[in-house]
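Student: Following this message is one structure expressed as structure tokens.
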Amino acid sequence: MSTTTKRASGPKRAGGSRRPSGPPADEPRPGRDHRLEVLRQMLLIRRFEERCVELYSAAEIRGFVHLYIGEEAVAVGVGQALREEDAVVSTYREHGHALARGVPSDAVMAEMFGKVTGCSRGRGGSMHLFDAERRFYGGNAIVAGGLPLAAGLALADRMRGTERVTCCFFGDGAYAEGEFHETANLAALWQLPLLLVCENNLYAMGTSLAREHAQTNLAMRAASYGMPAWTVDGMDVTAVEAVARRAADSVRSGGGPHFLEARTYRFRAHSMYDPDRYRSKDEIARWKARDPLVELEQRMRAEGILDDPATKRLEEDVTSEIDAAVRSAGAAPYEPVADLLRFVTSTTGSTR
Amino acid sequence: MSTTTKRASGPKRAGGSRRPSGPPADEPRPGRDHRLEVLRQMLLIRRFEERCVELYSAAEIRGFVHLYIGEEAVAVGVGQALREEDAVVSTYREHGHALARGVPSDAVMAEMFGKVTGCSRGRGGSMHLFDAERRFYGGNAIVAGGLPLAAGLALADRMRGTERVTCCFFGDGAYAEGEFHETANLAALWQLPLLLVCENNLYAMGTSLAREHAQTNLAMRAASYGMPAWTVDGMDVTAVEAVARRAADSVRSGGGPHFLEARTYRFRAHSMYDPDRYRSKDEIARWKARDPLVELEQRMRAEGILDDPATKRLEEDVTSEIDAAVRSAGAAPYEPVADLLRFVTSTTGSTR
Amino acid sequence: MNTRQSAGTAEATRTTYREALREGLREALRQDDRVFLMGEDVGRYGGCFGVSLGLLEEFGPDRIRDTPLSESAFVGAGIGAALGGMRPVVEIMTVNFSLLALDQIMNNAATLLHMSGGQLNVPIVIRMTTGAGRQLAAQHSHSLEGWYAHIPGIRVLTPATLDDARHMLAAALADPDPVLLFEHGSLYNAEGVLDGTIDAVGLDSASVRRPGTDVSVITYGGSLPKALAAAETLAEDGISAEVVDLRSLRPLDDATVLESVARTHRAVIVDEGWRSGSISAEVMARITEQSFYELDAPLRRVCSQEVPMPYARQLEEAALPQPASIVAAARKAVA
Amino acid sequence: MNTRQSAGTAEATRTTYREALREGLREALRQDDRVFLMGEDVGRYGGCFGVSLGLLEEFGPDRIRDTPLSESAFVGAGIGAALGGMRPVVEIMTVNFSLLALDQIMNNAATLLHMSGGQLNVPIVIRMTTGAGRQLAAQHSHSLEGWYAHIPGIRVLTPATLDDARHMLAAALADPDPVLLFEHGSLYNAEGVLDGTIDAVGLDSASVRRPGTDVSVITYGGSLPKALAAAETLAEDGISAEVVDLRSLRPLDDATVLESVARTHRAVIVDEGWRSGSISAEVMARITEQSFYELDAPLRRVCSQEVPMPYARQLEEAALPQPASIVAAARKAVA
Ligand SMILES: Cc1ncc(C[n+]2csc(CCOP(=O)(O)OP(=O)(O)O)c2C)c(N)n1
Ligand SMILES: Cc1ncc(C[n+]2csc(CCOP(=O)(O)OP(=O)(O)O)c2C)c(N)n1
Ligand SMILES: [Mg+2]
Ligand SMILES: [Mg+2]
């Protein structure tokens, strides 16, 4: 959460889609330190997940794992607009959201290993990361199931008169669920301090946007609930950050809920089990050409604030963080089976 | 379903609200017989329900009863646009829909008496009227619960290549439920032959429109799903009929789902138990001044197609129909208790 | 311990179940400003069954919060508000509508504490009306509280007496985890005298509402008055029935049930839920597992017939447990 | 009658549970053009667990119909389509998500026939994956089929064998009422030989999968292989366990269960559902009610621990019924 000092460029054209409709981004262009931090976070997410793939093949990680690779600019860009006291509600594709929120990578990795040192004590796994201290409320694997919850967190803040923002991430698929509709209306009706971030990666599992939604302009439809709704190029972290800051500031100052549609793409399959039969190689290649990490790096190099040694340092930094996470996760104990029935209710004693 | 021969006037201003946005109604003005039939249906619904109030006081009818008085123009106007082969899905406030659909008044009355001659054999009561032969599919008392069902009926027609329309009635309150959102999207996505008729009577029980919806222009929001959506003055049966015909014709000829918002008002409380504390006397009086029955009668008198003797004949006709219905309902037998477990499953034998 | 007596002298007050519930709400709202009531028509309308009448005027629209028709969203928002430090009381009009919010109840409220490894408890209370008897037919009449009791991570309460109606809410709000509170629709108008000496009730134990020696009649909620009426009739025949009110369906207080069965060696379970897979099956299973050798006769149960509740009065009556059917079952048990 | 033998000679074919299900679907789609499959990702993706792979290519997008994420709407649309003369097979990816459609399932599918006084039957089949064992944690792993069996008006099927996977769908589609079909996630890859002489199975009766004389092990679905494995182990100890596969949880085939208990006088019920309020409680209740005097020992059950399913392998394993826990319970029963 460093300060921003230079001018950010406006949102760019999302690959193959209409011109995004975000507000003009006339925020000051971020400084070098900030840029480096953003890049570091994105790189951490990328490398972390690449390592997860290896660990999955090695059967150290099990269950369902959904990779965020390709979408890093959204979590990191939005994350920059949030403060420590804000809350984040996420989905099953949440490694990126968790890491961008500052959940320690070793706690996330240990969680995937199912270890007691995991951020959910190994009870959650990849789909259910939690960190109450950092107000990271999961980790919800029911599509759209986090939306009402986020509205409730925002309601609590509203009723208590705090200036906190609750940010809820969800997908284009989630938008079709009834819970989206109910939550959008409730949030707008009650003017809740809620930032709705729809990660439109064009697919819900194998179902493309146009086969999920009769009308695919998601931001326009969101606006019909009576809240500001903008579209942003989700591959451009600078644009995401600019729009998210503007939205979060407005939410914070009593502007009611805001909706952001981030146009993005997952570079990998939906989950480890998905043979990805439903997307063309061409389409994937076109989007990979807009890799958000590469774009940011190139921009930073063009701006003269990144060079080879710096890149190398970053890579090393991130790799050693992940190495350490894997090591400590591997070494950590499993929770004893005798504790199975803990945490079903808060109080000990009879639970049934 | 008589033919229309004269010009209908366009939709009129709904009491106290914005100008409705229906299409110009340039259909031929209906003839005298048609007008009389429309009036008769509206009168039947009105008098039928007034009798229900008496019978409720006399404890002949029990359970929840929701009156349609004041909203008759919607059921009857839309009903005129439907054909015998079409289907209707309704709510718990469905006496009007059922009668307008041609469900015999004695079968409806017997149902409210809980008699075996009732249109649901006394198992449904006021909230669950059914008539498979007339393709009247209830009578659903879960708010918005009929919407997905209606989409399914329309899907069946679509898949079988028939030209039938399914018409689904629901309220402004139902619009807030997730099932509305999901159904609207599904219908638009699959271009289902579905006519969605939202009876906006400004209240969901005691909750006014503005406290249910952040954005109260329901038709505009419906349009955002990608389907034609019009608003019509629900107190003007001629306007309702004109718009409904246009919509139904379009649906029938492959135009996909259409949405109608009928601006209307219930003159009575939500149900027999409701002390109606949440509406002002003034507001009720203002709407009663736009009684759809009175408006139609006045228009017909002005047009010279209705006079006192004709009104009297109509009233007598309707009264004797209701008298007969009450008599036969009173005389009909209750279903024997030994038959309690019938109709849990279609086949006899073990059901548990 | 089921009740806590107040120190001072207190008078017995005449009241109804509805008013007792309302007093419980009023007290909670007065004592803790984190408490708020949210649901369809809880405010201006006064609650669909009038429970919250007058509370809007006293506490304002922020704390007596009318919601749009959106069961999933406002139950979920209650869960979120609970995570955010509030103490929401969420009202769902009728148990049938709660199915629309079941995803939030099971997949979030009941599960978050565990999924988060103990980090996130959810102090929400969800109230709803349950049960038949008013000819409201198949979408407004079911008794699903026993069904809900299958879900780990929640409490399921069924206040059947005025004292429980008056005090269970406070105990529920004091619990750090989700509590579902089922109010039987046929009880709202029940009148009686509130025990002025009780100022708190516990949630963990069942209660013997009438002692007896020949047969245990185990029940809860809307069936309690019927069981007590049946016990009267049985007494006239010289059969002494002990009536046990489960009060909480999750957790179930096995101990009180088993103690009663140890005294009577015979039991009839009375339950308005559909028979198959009912909570009465669970009570039978617990007894069979733990007190098999105490039993002198097969266990019996009186449940609702397995049929969506019909509207017609004679059919609805036949579908429900009634004092006569309880009497008949108890007679067979002691035969 | 559980099965119908085909007239001609037929060969035994090696297949998997997944393929057997797919063959059942393919056959239904070929034989009746009112049949169609609808659900999230059933088409281009091939079904989230690959059951419908290849069907889109054979039958086209109208009949292998991908839906948006809208469980309530597409299940409700299935109900409507069934009313409209079609024979929909609706797939819900996982039982936890079915909670979003529960209103449609209980308040409409299960209820319409009765509410309409017999006019509207709903010939829909709803398939879903159930069960744990793959470390999918608390929102993808529950076993709610026993819970669903509480609802009158529907059938609840739990195919556990290849033959049932292959043929139950046809019988379900022939039924005029709603049928829920639960496929246990751990069975999809189960391989074996399909009995080529069977060309139809019935839905009304349970099946003795292994005869025995000392103790009845009553189970269904994903627990059947575990029960059979336990029976092997018990046999080594000289204990002869009879394994009964319920096959249908609603209606329950009491007769087969009671006959088995009449032979063995002892029973252990094995059930992946949470213990309290499980279908195993219902089985125990049925036995207690009807065969109390046949029993030589208390009934026992082996269920899932009452906990939202944890991710970590050792915890998940401990939460589920396992052959060892079945063996232990059976030993106690015969002790
Ligand atoms: C209610 C529900 N239905 C179905 C699923 C299975 N499922 C998991 S992710 C997913 C796709 C969601 O798509 P989207 O919201 O666009 O998010 P993305 O995976 O693209 O990030 C589906 C169908 C689920 N988890 N929950
Ligand atoms: C899912 C559900 N929630 C709540 C109710 C209780 N209820 C019955 S009617 C009603 C109001 C519905 O309002 P609207 O849709 O506008 O229809 P109207 O009654 O005005 O015709 C409510 C809250 C219900 N029947 N179903
Ligand atoms: Mg997506
Ligand atoms: Mg209304």
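Ordering of the structure tokens sets the chain letters (A, B, ...); residue numbers start at 1 within each chain; ligands are numbered from 1 in the order shown.
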As a ChimeraX atom specification, please: every residue in range 67-305 of chain C that DSSP puts in strand (DSSP E or B).

Tutor: /C:87-94,125-130,155-157,179-184,191-194,198-201,207-210,215-219,241-245,248-250,267-274,300-304

Student: I need the contact residues of chain C against chain A, so if you could list those with any atom within 7 Å, counting only C-alpha atoms, and return them as an NGL selection string, that would help.

Tutor: :C and (70 or 72-74 or 76-81 or 83-86 or 113-121 or 152-153 or 176-177 or 250-252)

Student: Given a cut-off of 7 Å, what residues near ligand 2 show up using only C-alpha atoms and all ligand atoms, put as an MDAnalysis selection string?

Tutor: (chainID B and resid 93 141:144 170:175 199:205 270) or (chainID C and resid 40 69 71 93 97 100)

Student: I need the chosen residues saved as a PDB file, in the first residue's frame, with N, CA and C atoms.

Tutor:
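Listing of result08.pdb after writing:
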ATOM      1  N   ARG B  93     -51.968 -15.734  -5.334  1.00  0.00           N
ATOM      2  CA  ARG B  93     -53.014 -14.718  -5.505  1.00  0.00           C
ATOM      3  C   ARG B  93     -53.653 -14.979  -6.874  1.00  0.00           C
ATOM      4  N   ALA B 141     -47.213 -21.116  -3.988  1.00  0.00           N
ATOM      5  CA  ALA B 141     -47.175 -20.216  -2.830  1.00  0.00           C
ATOM      6  C   ALA B 141     -45.763 -19.946  -2.329  1.00  0.00           C
ATOM      7  N   ILE B 142     -44.780 -20.385  -3.088  1.00  0.00           N
ATOM      8  CA  ILE B 142     -43.406 -19.967  -2.818  1.00  0.00           C
ATOM      9  C   ILE B 142     -43.158 -18.802  -3.769  1.00  0.00           C
ATOM     10  N   VAL B 143     -42.952 -17.644  -3.207  1.00  0.00           N
ATOM     11  CA  VAL B 143     -42.806 -16.467  -4.062  1.00  0.00           C
ATOM     12  C   VAL B 143     -41.659 -16.693  -5.056  1.00  0.00           C
ATOM     13  N   ALA B 144     -41.954 -16.529  -6.326  1.00  0.00           N
ATOM     14  CA  ALA B 144     -41.023 -16.734  -7.447  1.00  0.00           C
ATOM     15  C   ALA B 144     -40.821 -18.199  -7.810  1.00  0.00           C
ATOM     16  N   PHE B 170     -46.332 -13.125 -11.743  1.00  0.00           N
ATOM     17  CA  PHE B 170     -45.613 -13.016 -10.470  1.00  0.00           C
ATOM     18  C   PHE B 170     -45.607 -11.552 -10.054  1.00  0.00           C
ATOM     19  N   GLY B 171     -45.169 -11.300  -8.827  1.00  0.00           N
ATOM     20  CA  GLY B 171     -45.290  -9.949  -8.283  1.00  0.00           C
ATOM     21  C   GLY B 171     -43.991  -9.163  -8.277  1.00  0.00           C
ATOM     22  N   ASP B 172     -44.103  -7.914  -7.889  1.00  0.00           N
ATOM     23  CA  ASP B 172     -42.933  -7.054  -7.735  1.00  0.00           C
ATOM     24  C   ASP B 172     -41.997  -7.586  -6.650  1.00  0.00           C
ATOM     25  N   GLY B 173     -42.579  -8.247  -5.658  1.00  0.00           N
ATOM     26  CA  GLY B 173     -41.740  -8.838  -4.618  1.00  0.00           C
ATOM     27  C   GLY B 173     -40.938 -10.002  -5.169  1.00  0.00           C
ATOM     28  N   ALA B 174     -41.583 -10.820  -5.983  1.00  0.00           N
ATOM     29  CA  ALA B 174     -40.927 -11.997  -6.563  1.00  0.00           C
ATOM     30  C   ALA B 174     -39.699 -11.601  -7.371  1.00  0.00           C
ATOM     31  N   TYR B 175     -39.770 -10.433  -7.953  1.00  0.00           N
ATOM     32  CA  TYR B 175     -38.685  -9.935  -8.803  1.00  0.00           C
ATOM     33  C   TYR B 175     -37.364  -9.862  -8.047  1.00  0.00           C
ATOM     34  N   GLU B 199     -46.860  -8.436 -12.019  1.00  0.00           N
ATOM     35  CA  GLU B 199     -47.942  -7.618 -11.494  1.00  0.00           C
ATOM     36  C   GLU B 199     -47.365  -6.717 -10.413  1.00  0.00           C
ATOM     37  N   ASN B 200     -47.012  -5.528 -10.809  1.00  0.00           N
ATOM     38  CA  ASN B 200     -46.409  -4.596  -9.863  1.00  0.00           C
ATOM     39  C   ASN B 200     -47.520  -3.831  -9.143  1.00  0.00           C
ATOM     40  N   ASN B 201     -47.882  -4.345  -7.975  1.00  0.00           N
ATOM     41  CA  ASN B 201     -48.920  -3.677  -7.180  1.00  0.00           C
ATOM     42  C   ASN B 201     -48.299  -2.846  -6.057  1.00  0.00           C
ATOM     43  N   LEU B 202     -47.029  -2.546  -6.227  1.00  0.00           N
ATOM     44  CA  LEU B 202     -46.305  -1.596  -5.374  1.00  0.00           C
ATOM     45  C   LEU B 202     -45.976  -2.104  -3.976  1.00  0.00           C
ATOM     46  N   TYR B 203     -46.438  -3.295  -3.656  1.00  0.00           N
ATOM     47  CA  TYR B 203     -46.140  -3.836  -2.329  1.00  0.00           C
ATOM     48  C   TYR B 203     -45.873  -5.334  -2.400  1.00  0.00           C
ATOM     49  N   ALA B 204     -44.954  -5.754  -1.598  1.00  0.00           N
ATOM     50  CA  ALA B 204     -44.797  -7.174  -1.282  1.00  0.00           C
ATOM     51  C   ALA B 204     -45.207  -7.283   0.181  1.00  0.00           C
ATOM     52  N   MET B 205     -46.369  -7.837   0.427  1.00  0.00           N
ATOM     53  CA  MET B 205     -46.963  -7.757   1.757  1.00  0.00           C
ATOM     54  C   MET B 205     -46.904  -6.307   2.231  1.00  0.00           C
ATOM     55  N   HIS B 270     -53.171  -7.636   2.096  1.00  0.00           N
ATOM     56  CA  HIS B 270     -52.413  -8.728   1.485  1.00  0.00           C
ATOM     57  C   HIS B 270     -53.141 -10.062   1.599  1.00  0.00           C
TER      58      HIS B 270
ATOM     59  N   GLU C  40     -38.171 -10.497   6.218  1.00  0.00           N
ATOM     60  CA  GLU C  40     -39.267  -9.939   5.420  1.00  0.00           C
ATOM     61  C   GLU C  40     -40.386  -9.460   6.341  1.00  0.00           C
ATOM     62  N   LEU C  69     -37.653  -9.720  -0.659  1.00  0.00           N
ATOM     63  CA  LEU C  69     -37.813 -11.173  -0.758  1.00  0.00           C
ATOM     64  C   LEU C  69     -36.537 -11.770  -1.343  1.00  0.00           C
ATOM     65  N   GLU C  71     -34.391 -14.669   0.431  1.00  0.00           N
ATOM     66  CA  GLU C  71     -34.027 -15.470   1.598  1.00  0.00           C
ATOM     67  C   GLU C  71     -32.548 -15.805   1.642  1.00  0.00           C
ATOM     68  N   MET C  93     -39.958 -16.305   7.288  1.00  0.00           N
ATOM     69  CA  MET C  93     -41.382 -16.372   7.615  1.00  0.00           C
ATOM     70  C   MET C  93     -41.834 -17.780   7.970  1.00  0.00           C
ATOM     71  N   PHE C  97     -39.905 -21.776   3.279  1.00  0.00           N
ATOM     72  CA  PHE C  97     -39.118 -20.780   2.536  1.00  0.00           C
ATOM     73  C   PHE C  97     -37.632 -20.876   2.892  1.00  0.00           C
ATOM     74  N   LEU C 100     -34.856 -21.999   0.517  1.00  0.00           N
ATOM     75  CA  LEU C 100     -34.161 -21.072  -0.380  1.00  0.00           C
ATOM     76  C   LEU C 100     -32.853 -20.572   0.225  1.00  0.00           C
TER      77      LEU C 100
END

Student: Skip Met235 in chain A itself and residues of its chain fewer than 3 positions away, then list as a list in words all residues within 7 Å of it, counting only C-alpha atoms.

Tutor: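 With the cut-off at 7 Å, the set is Glu71, Ala73, Thr264, Arg290, Asp291 and Pro292 of chain A.
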
Student: Using only C-alpha atoms, determine which residues lie at most 10 Å from Ser126 in chain A, disregarding the query and same-chain residues fewer than 4 positions distant; provide the list as a PyMOL selection string.

Tutor: (chain A and resi 52+61-67+92-95+108-114+120+122+139+141) or (chain D and resi 136-137+311)

Student: Let's see if you can do this: from backbone DSSP, list all alpha helix (DSSP H) residues in range 103-332 of chain D, as a PyMOL selection string.

Tutor: chain D and resi 112-115+145-148+162-174+224-236+254-264+279-291+313-319+323-332

Student: Using only C-alpha atoms and all ligand atoms, which of the listed residues (A:Cys198, A:Ile45, A:Ala98, A:Leu192) sits closest to ligand 3?

Tutor: A:Cys198

Student: Find the residues in chain C near chain D: any atom within 9 Å counts, using only C-alpha atoms. Write them as a PyMOL selection string.

Tutor: chain C and resi 72+96-104+106-108+110-111+114-115+137-139+146-153+250+274-286+288-293+297-301+306-311

Student: Find the residues around Val237 in chain A up to 8 Å (only C-alpha atoms counted), leave out those fewer than 3 positions away in its own chain, and share them as an MDAnalysis selection string.

Tutor: chainID A and resid 73:74 76:77 234 240:241 292 296

Student: Calculated over only C-alpha atoms, which of the candidates A:Arg301, A:Arg266, A:His258, A:Arg211 has the smallest distance to chain B?

Tutor: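 Looking only at the distances to chain B, the closest residue turns out to be A:Arg211.
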
Student: When you look at Ser250 in chain B with a cut-off of 12 Å (counting only C-alpha atoms), what residues show up, excluding the ones that are within fewer than 6 positions of it in the same chain? I need them as a list in words.

Tutor: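 Non-adjacent residues within range: Ala81, Glu163, Arg164, Val165, Gln191, Leu192, Pro193, Leu194, Leu195, Met227, Pro228, Ala229, Val243, Ala244, Gly256, Pro257, His258 and Phe259 of chain B.
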
Student: List the neighbours of Glu23 in chain C out to 8 Å using only C-alpha atoms; skip same-chain residues closer than 4 positions along the sequence, and give me the result as number ranges by chain.

Tutor: C: 19, 27, 166

Student: For the selection just defined, write its residues with C-alpha atoms to a file, as a JSON list (two decimals), in the first residue's frame.

Tutor:
[["chain", "number", "residue", "atom", "x", "y", "z"],
["C", 19, "GLU", "CA", -45.84, -11.90, 23.38],
["C", 27, "GLU", "CA", -34.97, -7.49, 25.95],
["C", 166, "ARG", "CA", -39.52, -15.93, 26.56]]

Student: Between B:Arg277, B:His213, B:Arg263, B:Arg268, single out the one closest to chain A, counting only C-alpha atoms.

Tutor: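 With only C-alpha atoms as the atom set, the closest residue is B:His213.
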
Student: For a test of reading the model, state the distance in Å between CA of Glu316 in chain C and CA of Val268 in chain C, rounded to one decimal.

Tutor: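 Taking CA of Glu316 in chain C as the start and CA of Val268 in chain C as the end point, the length is 21.8 Å.
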
Student: What gap, in Å, lies between CA of Phe267 in chain A and CA of Tyr188 in chain D?

Tutor: 28.4 Å

Student: Rank nothing, just name the residue among A:Arg221, A:Arg47, A:Arg286, A:Arg134 nearest to chain B, using only C-alpha atoms.

Tutor: A:Arg221
